[in-house]
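**Q** Dropping in data.cif, with mmCIF, C-alpha atoms and all ligand atoms.
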```cif
data_query
#
loop_
_atom_site.label_atom_id
_atom_site.label_comp_id
_atom_site.auth_asym_id
_atom_site.auth_seq_id
_atom_site.Cartn_x
_atom_site.Cartn_y
_atom_site.Cartn_z
CA MET K 275 -15.46 39.93 6.11
CA ASP K 276 -13.81 40.11 2.72
CA LEU K 277 -11.68 37.66 0.79
CA LEU K 278 -8.37 39.26 1.72
CA THR K 279 -9.19 38.89 5.40
CA ILE K 280 -9.83 35.19 4.88
CA LEU K 281 -6.62 34.77 2.91
CA ASN K 282 -4.61 36.61 5.53
CA HIS K 283 -6.16 34.42 8.17
CA CYS K 284 -5.49 31.10 6.37
CA HIS K 285 -2.48 31.72 4.14
CA ARG K 286 -0.42 34.64 5.30
CA HIS K 287 2.95 34.97 3.59
CA ARG K 288 5.72 36.76 5.36
CA GLY K 289 7.17 39.63 3.34
CA PHE K 290 4.17 39.86 1.02
CA VAL K 291 0.70 41.34 1.16
CA TYR K 292 -2.53 40.59 -0.65
CA GLN K 293 -3.30 43.87 -2.32
CA HIS K 294 -6.56 43.47 -4.14
CA ALA K 295 -9.04 40.74 -5.03
CA ARG K 296 -11.45 40.89 -7.97
CA PHE K 297 -13.36 38.73 -10.40
CA GLY K 298 -11.55 37.71 -13.55
CA PRO K 299 -13.06 37.84 -17.06
CA GLY K 300 -16.60 36.47 -17.13
CA LYS K 301 -16.57 36.21 -13.34
CA LYS K 302 -15.27 32.68 -13.67
CA THR K 303 -12.12 33.27 -11.70
CA ILE K 304 -10.95 35.29 -8.74
CA GLU K 305 -7.68 37.14 -9.17
CA VAL K 306 -5.70 38.27 -6.17
CA ASP K 307 -2.87 40.76 -6.63
CA VAL K 308 0.13 40.10 -4.45
CA ARG K 309 2.96 42.55 -3.83
CA PRO K 310 6.08 42.61 -1.65
CA ARG K 311 5.68 44.21 1.73
CA ARG K 312 7.44 47.58 1.74
CA GLY K 313 10.94 47.48 3.17
CA THR K 314 11.23 43.72 2.80
CA ALA K 315 14.10 42.42 0.70
CA ALA K 316 13.65 39.62 -1.80
CA VAL K 317 15.10 36.22 -0.94
CA CYS K 318 17.56 34.50 -3.24
CA SER K 319 16.27 31.14 -4.43
CA GLY K 320 19.82 29.80 -4.52
CA CYS K 321 21.08 30.44 -0.99
CA HIS K 322 17.73 31.37 0.65
CA LYS K 323 19.18 34.63 1.97
CA PRO K 324 17.98 38.20 1.41
CA ALA K 325 19.59 39.82 -1.60
CA PRO K 326 19.32 43.17 -3.37
CA GLY K 327 16.76 43.41 -6.14
CA TYR K 328 17.77 43.38 -9.77
CA ASP K 329 14.61 43.72 -11.87
CA HIS K 330 11.03 42.45 -12.25
CA LEU K 331 9.74 39.69 -14.49
CA PRO K 332 6.35 39.80 -16.23
CA GLU K 333 3.31 39.04 -14.11
CA ARG K 334 2.84 35.38 -13.29
CA ARG K 335 -0.29 33.50 -12.28
CA PHE K 336 -0.22 30.98 -9.45
CA GLU K 337 -3.29 28.80 -9.12
CA PHE K 338 -4.62 28.65 -5.59
CA ILE K 339 -7.26 26.42 -3.94
CA PRO K 340 -10.66 27.06 -5.60
CA LEU K 341 -13.13 28.94 -3.49
CA TRP K 342 -16.82 27.94 -3.72
CA GLY K 343 -16.11 26.34 -7.08
CA ILE K 344 -14.43 29.46 -8.45
CA LEU K 345 -10.81 29.21 -9.56
CA VAL K 346 -8.48 31.48 -7.60
CA PHE K 347 -5.21 32.90 -8.92
CA PHE K 348 -2.46 34.86 -7.27
CA LEU K 349 -0.99 37.47 -9.62
CA TYR K 350 2.55 38.47 -8.87
CA ARG K 351 5.55 39.96 -10.67
CA MET K 352 8.54 37.94 -9.58
CA ARG K 353 11.65 39.89 -8.73
CA ARG K 354 15.11 38.91 -9.75
CA VAL K 355 17.86 39.37 -7.22
CA ASP K 356 21.53 40.12 -7.66
CA CYS K 357 22.97 37.75 -5.09
CA ARG K 358 26.63 38.03 -4.21
CA GLY K 359 27.10 34.31 -4.04
CA CYS K 360 24.63 33.05 -6.65
CA GLY K 361 24.48 35.84 -9.23
CA VAL K 362 21.23 36.99 -10.81
CA LEU K 363 18.42 34.64 -9.82
CA VAL K 364 14.65 34.70 -9.50
CA GLU K 365 13.48 35.34 -5.96
CA GLU K 366 12.00 32.71 -3.69
CA VAL K 367 8.33 33.03 -2.78
CA SER K 368 6.72 31.10 0.03
CA TRP K 369 3.53 30.16 -1.83
CA GLY K 370 5.21 28.76 -4.94
CA ASP K 371 7.98 26.41 -5.88
CA GLY K 372 10.15 26.77 -8.96
CA LYS K 373 8.19 26.70 -12.17
CA HIS K 374 5.11 25.00 -10.73
CA GLN K 375 1.97 26.80 -11.85
CA LEU K 376 0.11 25.73 -8.73
CA THR K 377 0.70 27.16 -5.31
CA ARG K 378 2.13 24.83 -2.69
CA ALA K 379 -1.13 24.95 -0.76
CA TYR K 380 -3.07 23.85 -3.83
CA MET K 381 -0.62 21.06 -4.66
CA LEU K 382 -0.91 19.74 -1.13
CA PHE K 383 -4.68 20.05 -1.34
CA LEU K 384 -4.86 18.10 -4.62
CA ALA K 385 -2.39 15.46 -3.48
CA ARG K 386 -4.48 14.79 -0.39
CA TRP K 387 -7.60 14.36 -2.47
CA ALA K 388 -5.69 12.16 -4.91
CA ARG K 389 -5.25 9.68 -2.07
CA LYS K 390 -9.01 9.39 -1.73
CA LEU K 391 -10.09 9.70 -5.36
CA SER K 392 -8.60 8.69 -8.68
CA TRP K 393 -6.48 11.39 -10.27
CA LYS K 394 -9.15 11.86 -12.91
CA GLU K 395 -11.90 12.27 -10.33
CA ALA K 396 -9.78 14.68 -8.33
CA ALA K 397 -9.13 16.76 -11.45
CA GLU K 398 -12.83 16.84 -12.36
CA SER K 399 -13.90 17.66 -8.81
CA PHE K 400 -11.72 20.75 -8.64
CA GLN K 401 -11.97 21.86 -12.28
CA THR K 402 -8.36 21.25 -13.02
CA SER K 403 -6.49 18.88 -15.32
CA TRP K 404 -5.15 15.38 -14.78
CA ASP K 405 -1.65 16.71 -15.49
CA LYS K 406 -1.91 19.20 -12.65
CA VAL K 407 -3.04 16.50 -10.24
CA ARG K 408 -0.09 14.40 -11.36
CA ASP K 409 2.26 17.34 -10.82
CA ALA K 410 0.81 17.89 -7.36
CA VAL K 411 1.27 14.25 -6.39
CA ASN K 412 4.75 14.25 -7.87
CA TYR K 413 5.66 17.36 -5.91
CA VAL K 414 4.46 15.93 -2.61
CA VAL K 415 6.09 12.54 -3.20
CA THR K 416 9.38 14.17 -4.19
CA TRP K 417 9.29 16.30 -1.07
CA GLY K 418 8.47 13.26 1.06
CA LEU K 419 11.33 11.22 -0.40
CA ALA K 420 13.79 14.08 0.07
CA ASN K 421 12.77 14.46 3.71
CA ARG K 422 12.32 10.80 4.52
CA LYS K 423 14.34 9.32 7.34
CA LEU K 424 15.29 5.66 7.15
CA GLU K 425 16.86 5.35 10.54
CA SER K 426 15.36 2.21 11.92
CA ILE K 427 13.28 -0.40 10.18
CA ARG K 428 12.37 -3.43 12.27
CA ALA K 429 9.60 -4.97 10.20
CA ILE K 430 8.82 -4.91 6.50
CA GLY K 431 6.14 -6.45 4.33
CA VAL K 432 6.48 -7.12 0.62
CA ASP K 433 3.68 -7.75 -1.81
CA GLU K 434 2.90 -7.29 -5.46
CA ILE K 435 0.12 -5.28 -7.02
CA GLN K 436 -1.28 -5.78 -10.48
CA TYR K 437 -1.89 -2.79 -12.69
CA ALA K 438 -3.19 -2.11 -16.19
CA LYS K 439 -4.19 -5.11 -18.28
CA GLY K 440 -2.37 -8.39 -18.41
CA HIS K 441 0.37 -9.58 -16.14
CA LYS K 442 1.88 -6.29 -15.13
CA TYR K 443 3.00 -6.06 -11.56
CA LEU K 444 4.70 -3.71 -9.16
CA THR K 445 6.59 -4.78 -6.08
CA LEU K 446 5.62 -2.82 -2.97
CA VAL K 447 7.63 -2.79 0.24
CA TYR K 448 6.05 -1.40 3.39
CA GLN K 449 7.45 -0.62 6.77
CA ILE K 450 5.09 -2.24 9.26
CA ASP K 451 6.65 -1.34 12.58
CA GLN K 452 4.25 -0.83 15.44
CA GLY K 453 3.15 2.78 15.27
CA LEU K 454 4.89 3.44 11.97
CA THR K 455 3.36 2.07 8.82
CA ARG K 456 4.41 3.52 5.50
CA LEU K 457 5.18 2.64 1.93
CA LEU K 458 8.93 2.52 1.51
CA TRP K 459 9.54 1.45 -2.02
CA VAL K 460 7.89 0.61 -5.35
CA GLY K 461 9.65 -1.39 -8.05
CA LYS K 462 8.64 -2.52 -11.50
CA GLU K 463 7.83 -6.19 -11.97
CA ARG K 464 7.99 -8.76 -9.20
CA THR K 465 11.37 -10.22 -9.96
CA ILE K 466 14.46 -10.84 -7.92
CA GLU K 467 16.08 -7.77 -9.45
CA SER K 468 13.14 -5.51 -8.65
CA PHE K 469 13.00 -6.57 -4.98
CA LYS K 470 16.77 -6.31 -4.66
CA GLY K 471 16.39 -2.67 -5.68
CA PHE K 472 14.81 -2.00 -2.29
CA PHE K 473 17.81 -3.38 -0.44
CA THR K 474 20.10 -1.32 -2.63
CA VAL K 475 18.23 1.78 -1.47
CA ILE K 476 18.34 1.03 2.24
CA GLY K 477 21.85 -0.42 2.26
CA ASP K 478 23.28 -3.48 3.97
CA GLN K 479 23.50 -1.95 7.43
CA LEU K 480 19.82 -1.07 7.61
CA ALA K 481 18.87 -4.41 6.05
CA SER K 482 20.81 -6.24 8.76
CA GLN K 483 18.67 -4.55 11.43
CA ILE K 484 15.38 -5.86 10.04
CA GLU K 485 13.84 -8.34 12.47
CA PHE K 486 10.61 -9.34 10.73
CA VAL K 487 9.74 -9.83 7.08
CA CYS K 488 6.21 -10.63 5.93
CA SER K 489 5.61 -11.91 2.42
CA ASP K 490 3.59 -14.29 0.38
CA MET K 491 5.15 -17.38 -1.15
CA TRP K 492 6.24 -15.82 -4.43
CA LYS K 493 9.57 -17.53 -5.03
CA PRO K 494 11.66 -14.50 -6.14
CA TYR K 495 10.69 -12.75 -2.90
CA LEU K 496 11.58 -15.81 -0.86
CA ASP K 497 14.99 -15.99 -2.56
CA VAL K 498 15.80 -12.34 -1.94
CA ILE K 499 14.65 -12.48 1.68
CA ARG K 500 16.83 -15.53 2.25
CA GLU K 501 19.81 -13.71 0.78
CA LYS K 502 19.35 -10.23 2.22
CA CYS K 503 17.46 -10.76 5.48
CA SER K 504 18.56 -14.14 6.68
CA GLN K 505 18.65 -12.89 10.26
CA ALA K 506 14.98 -11.84 10.23
CA LEU K 507 11.99 -13.90 11.22
CA HIS K 508 10.19 -14.62 7.97
CA ILE K 509 6.42 -14.62 8.38
CA LEU K 510 4.56 -16.13 5.47
CA ASP K 511 1.19 -14.97 4.30
CA ARG K 512 -1.40 -17.11 6.09
CA PHE K 513 -3.68 -17.10 3.09
CA HIS K 514 -1.13 -18.80 0.87
CA ILE K 515 -0.13 -21.33 3.52
CA VAL K 516 -3.75 -22.40 3.94
CA ALA K 517 -4.23 -22.50 0.17
CA LYS K 518 -1.17 -24.72 -0.24
CA MET K 519 -2.32 -26.92 2.60
CA ASN K 520 -5.76 -27.28 1.08
CA LYS K 521 -4.23 -28.21 -2.25
CA ALA K 522 -1.91 -30.80 -0.73
CA LEU K 523 -4.68 -32.23 1.38
CA ASP K 524 -6.89 -32.60 -1.64
CA GLN K 525 -4.15 -34.37 -3.53
CA VAL K 526 -3.78 -36.86 -0.67
CA ARG K 527 -7.53 -37.34 -0.51
CA ALA K 528 -7.67 -37.99 -4.24
CA ALA K 529 -4.79 -40.47 -4.02
CA GLU K 530 -6.45 -42.25 -1.14
CA SER K 531 -9.69 -42.34 -3.04
CA ARG K 532 -8.01 -43.97 -6.04
CA ARG K 533 -6.32 -46.50 -3.83
CA MET K 534 -9.59 -47.33 -2.09
CA ALA K 535 -11.17 -47.94 -5.44
CA GLN K 536 -8.29 -50.16 -6.52
CA ASP K 537 -8.56 -52.16 -3.30
CA GLY K 538 -12.25 -52.72 -3.84
CA HIS K 539 -13.57 -50.47 -1.07
CA PRO K 540 -16.76 -48.45 -1.57
CA PRO K 541 -15.98 -45.13 -3.39
CA LEU K 542 -17.00 -42.97 -0.44
CA LEU K 543 -14.13 -40.55 -0.85
CA SER K 544 -14.76 -39.93 -4.52
CA LYS K 545 -17.15 -37.02 -3.92
CA SER K 546 -15.91 -35.92 -0.57
CA ARG K 547 -13.69 -33.09 -1.71
CA TRP K 548 -15.76 -30.28 -0.23
CA CYS K 549 -16.53 -32.24 2.92
CA VAL K 550 -13.00 -31.64 4.04
CA LEU K 551 -12.26 -28.35 2.38
CA LYS K 552 -15.39 -26.38 3.16
CA ARG K 553 -16.12 -24.69 6.43
CA SER K 554 -18.56 -26.63 8.55
CA GLU K 555 -21.23 -23.94 8.38
CA ASN K 556 -21.11 -24.03 4.60
CA LEU K 557 -21.60 -27.76 4.31
CA THR K 558 -24.88 -28.82 2.78
CA SER K 559 -26.86 -31.95 3.47
CA LYS K 560 -25.27 -33.82 0.60
CA HIS K 561 -21.84 -33.20 2.11
CA SER K 562 -22.63 -35.17 5.24
CA SER K 563 -23.78 -38.70 5.46
CA SER K 564 -27.07 -38.88 7.34
CA GLY K 565 -25.91 -36.85 10.26
CA ASP K 566 -22.91 -39.02 10.89
CA THR K 567 -20.03 -36.61 10.75
CA THR K 568 -17.42 -39.26 10.30
CA ARG K 569 -16.73 -40.97 7.07
CA ARG K 570 -14.84 -44.12 7.61
CA VAL K 571 -13.22 -45.36 4.52
CA GLY K 572 -11.70 -48.73 4.52
CA PRO K 573 -8.90 -49.84 6.74
CA GLU K 574 -6.51 -47.00 6.04
CA CYS K 575 -8.12 -43.77 7.13
CA SER K 576 -11.19 -42.02 8.31
CA TRP K 577 -12.35 -38.46 7.65
CA THR K 578 -14.41 -36.10 9.66
CA SER K 579 -16.72 -33.87 7.71
CA GLY K 580 -18.53 -32.24 10.62
CA ALA K 581 -15.44 -30.74 12.16
CA ASN K 582 -14.26 -27.48 10.79
CA LYS K 583 -11.59 -27.90 8.21
CA PRO K 584 -10.08 -31.23 7.60
CA CYS K 585 -9.36 -33.39 10.55
CA VAL K 586 -8.77 -37.03 10.72
CA ALA K 587 -11.16 -38.77 13.05
CA ALA K 588 -9.87 -38.75 16.57
CA SER K 589 -10.24 -42.43 17.07
CA ASN K 590 -8.31 -45.21 15.48
CA ARG K 591 -5.13 -43.29 14.88
CA SER K 592 -3.46 -46.40 13.55
CA ARG K 593 -5.93 -46.60 10.70
CA ARG K 594 -4.79 -43.39 9.03
CA SER K 595 -2.31 -43.40 6.24
CA PRO K 596 1.10 -41.97 7.18
CA ALA K 597 0.89 -39.28 4.49
CA LEU K 598 -2.48 -38.12 5.68
CA CYS K 599 -1.41 -38.16 9.32
CA ALA K 600 1.63 -36.05 8.63
CA LEU K 601 -0.24 -33.61 6.46
CA THR K 602 -3.15 -33.09 8.80
CA ALA K 603 -0.86 -32.74 11.80
CA LEU K 604 1.08 -30.08 9.96
CA TYR K 605 -2.12 -28.44 8.83
CA CYS K 606 -3.64 -28.32 12.27
CA SER K 607 -0.45 -27.00 13.81
CA THR K 608 -0.39 -24.28 11.20
CA ILE K 609 -3.93 -23.13 11.60
CA SER K 610 -4.03 -23.51 15.37
CA ARG K 611 -2.79 -20.83 17.66
CA PRO K 612 -2.26 -21.48 21.37
CA GLY K 613 -4.98 -19.87 23.40
CA SER K 614 -7.05 -18.88 20.41
CA GLY K 615 -9.74 -21.47 20.92
CA SER K 616 -10.55 -24.06 18.35
CA PRO K 617 -8.69 -24.52 15.11
CA ALA K 618 -12.00 -23.77 13.47
CA ALA K 619 -12.04 -20.20 14.68
CA TRP K 620 -8.51 -19.69 13.51
CA SER K 621 -9.32 -21.40 10.26
CA ARG K 622 -12.18 -19.03 9.57
CA ALA K 623 -9.88 -16.10 10.08
CA SER K 624 -7.29 -17.76 7.88
CA THR K 625 -9.48 -17.80 4.82
CA THR K 626 -9.38 -14.05 4.45
CA LYS K 627 -6.31 -12.79 2.69
CA PRO K 628 -4.62 -10.28 4.97
CA LYS K 629 -3.96 -6.96 3.33
CA LEU K 630 -0.94 -4.86 3.77
CA PRO K 631 -1.71 -1.29 4.73
ZN ZN L 701 22.07 33.44 -3.32
#
```
For this file, write the structure as structure tokens.
Ligand SMILES: [Zn+2]
**A**
Amino acid sequence: MDLLTILNHCHRHRGFVYQHARFGPGKKTIEVDVRPRRGTAAVCSGCHKPAPGYDHLPERRFEFIPLWGILVFFLYRMRRVDCRGCGVLVEEVSWGDGKHQLTRAYMLFLARWARKLSWKEAAESFQTSWDKVRDAVNYVVTWGLANRKLESIRAIGVDEIQYAKGHKYLTLVYQIDQGLTRLLWVGKERTIESFKGFFTVIGDQLASQIEFVCSDMWKPYLDVIREKCSQALHILDRFHIVAKMNKALDQVRAAESRRMAQDGHPPLLSKSRWCVLKRSENLTSKHSSSGDTTRRVGPECSWTSGANKPCVAASNRSRRSPALCALTALYCSTISRPGSGSPAAWSRASTTKPKLP
């Protein structure tokens, strides 16, 4: 089996034939001569129709997928056609696109690897340059955008990603429909204007069909969602809700602690921060009081350290402060899910920041 047989098997191009394959200078490359199949007319790159030939351009090199670590080039003299409708134009060839030096197959190959590796690593792995990897990715993304269909979007997720050094962010919008997950849009910064750019792209009609929006609690996002997707169910990032709840709960605990001290009660709440904020399995002996899981603090409230996540002791409801009651009720309703077992199980899952695809 020779190289031309393999090429014909994997990358046959209608209207063209692989004529000859040989080593290049120093045996560092493989050069494959390509010629038009006899009796086949050239295709106009303007109207994509066959057209009479006009002349030939100098030989051009198209870089193909490396074979066994050896660079492979297609060598071909492009024809110019004299098209009735378009005039004199360079012909269209199925393995190349415009002035790209890489073949389509190689650009697709590099772009796929660039999803798994950094562009630099991809370039080093296949003995090419960073610029060529960038061109390959750019080509594939441009093709994808040109052929993208935005017919129906039911659910979107928005999040920011930090890049480079310092506070530099991009806003990413994903479609997260069941069975269809894809990146829809990337905008600079994480401002109201940048997120609004997404809705400018999809238009008001498509935006009005969105049923679910997932986001974190970044205020510019919340403002835009309220304005552009008021009809959608807005699902907040569980991680941030739990973080906010923890912060508020700690503020209440600290306030209660100060008030206990002012009222002359023992300062039992003063070092109890992690008793209520930590998971039960992470509590150490100093976080509990001699096996008694309940800390009772004065006449106002009592705290349970043994239960997972903060819970006010089940007994003596009247002893809790109104602020604490309201907060813990809200907290428990947030982290509990009907039928999911204990709030603790849900709470454990809540501490991991969910990632968008
Ligand atoms: Zn034409």
**Q** Distance table requested - chain K against ligand ZN 701 (chain L), cut-off 10 Å, only C-alpha atoms and all ligand atoms: one row per qualifying residue with the closest atom pair and its distance in Å to one decimal, ordered by chain and rising residue number, as a tab-separated table.
**A**
```
residue	atom	partner	partner_atom	distance
K:Val317	CA	L:ZN701	ZN	7.9
K:Cys318	CA	L:ZN701	ZN	4.6
K:Ser319	CA	L:ZN701	ZN	6.3
K:Gly320	CA	L:ZN701	ZN	4.4
K:Cys321	CA	L:ZN701	ZN	3.9
K:His322	CA	L:ZN701	ZN	6.2
K:Lys323	CA	L:ZN701	ZN	6.1
K:Pro324	CA	L:ZN701	ZN	7.9
K:Ala325	CA	L:ZN701	ZN	7.1
K:Val355	CA	L:ZN701	ZN	8.3
K:Asp356	CA	L:ZN701	ZN	8.0
K:Cys357	CA	L:ZN701	ZN	4.7
K:Arg358	CA	L:ZN701	ZN	6.5
K:Gly359	CA	L:ZN701	ZN	5.2
K:Cys360	CA	L:ZN701	ZN	4.2
K:Gly361	CA	L:ZN701	ZN	6.8
K:Val362	CA	L:ZN701	ZN	8.3
K:Leu363	CA	L:ZN701	ZN	7.6
K:Val364	CA	L:ZN701	ZN	9.7
K:Glu365	CA	L:ZN701	ZN	9.2
```
**Q** May I have the selected residues written with C-alpha atoms, as a PDB file, in the coordinates of the input?
**A**
```pdb
ATOM      1  CA  VAL K 317      15.100  36.220  -0.940  1.00  0.00           C
ATOM      2  CA  CYS K 318      17.560  34.500  -3.240  1.00  0.00           C
ATOM      3  CA  SER K 319      16.270  31.140  -4.430  1.00  0.00           C
ATOM      4  CA  GLY K 320      19.820  29.800  -4.520  1.00  0.00           C
ATOM      5  CA  CYS K 321      21.080  30.440  -0.990  1.00  0.00           C
ATOM      6  CA  HIS K 322      17.730  31.370   0.650  1.00  0.00           C
ATOM      7  CA  LYS K 323      19.180  34.630   1.970  1.00  0.00           C
ATOM      8  CA  PRO K 324      17.980  38.200   1.410  1.00  0.00           C
ATOM      9  CA  ALA K 325      19.590  39.820  -1.600  1.00  0.00           C
ATOM     10  CA  VAL K 355      17.860  39.370  -7.220  1.00  0.00           C
ATOM     11  CA  ASP K 356      21.530  40.120  -7.660  1.00  0.00           C
ATOM     12  CA  CYS K 357      22.970  37.750  -5.090  1.00  0.00           C
ATOM     13  CA  ARG K 358      26.630  38.030  -4.210  1.00  0.00           C
ATOM     14  CA  GLY K 359      27.100  34.310  -4.040  1.00  0.00           C
ATOM     15  CA  CYS K 360      24.630  33.050  -6.650  1.00  0.00           C
ATOM     16  CA  GLY K 361      24.480  35.840  -9.230  1.00  0.00           C
ATOM     17  CA  VAL K 362      21.230  36.990 -10.810  1.00  0.00           C
ATOM     18  CA  LEU K 363      18.420  34.640  -9.820  1.00  0.00           C
ATOM     19  CA  VAL K 364      14.650  34.700  -9.500  1.00  0.00           C
ATOM     20  CA  GLU K 365      13.480  35.340  -5.960  1.00  0.00           C
TER      21      GLU K 365
END
```
**Q** Could you list, as a ChimeraX atom specification, every residue within 7 Å of His330 in chain K, counting only C-alpha atoms and ignoring same-chain residues fewer than 5 positions away?
**A** /K:351-354
**Q** I'd like the interatomic distance between CA of Lys439 in chain K and CA of Trp492 in chain K, to a tenth of an Å.
**A**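 Going from CA of Lys439 in chain K over to CA of Trp492 in chain K covers 20.4 Å.
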**Q** Tell me, as a PyMOL selection string, which residues lie within 12 Å of Met381 in chain K, counting all atoms listed in the file; anything in the same chain fewer than 3 positions away does not count.
**A** chain K and resi 336-340+369-371+374-378+384-388+396-397+400+402+405-415+417
**Q** Is it possible to get the residues within 12 Å of (14.6, -3.1, -11.5) (coordinates as in the file, counting all atoms listed in the file) written as an MDAnalysis selection string?
**A** chainID K and resid 443:445 459:475
**Q** Would you kindly return, as JSON, numbers by chain, each protein, DNA or RNA residue with an atom no farther than 10 Å from any atom of Leu341 in chain K, considering only C-alpha atoms and excluding same-chain residues fewer than 4 positions away?
**A** {"K": [277, 303, 304, 345, 346, 400]}
**Q** If you measure from CA of Lys552 in chain K to CA of Ala529 in chain K, what distance in Å do you get, rounded to one decimal?
**A**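 Spanning CA of Lys552 in chain K to CA of Ala529 in chain K is a straight-line distance of 19.0 Å.
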**Q** May I ask for the distance between CA of Gln505 in chain K and CA of Gln436 in chain K, given in Å to one decimal place?
**A** 29.6 Å
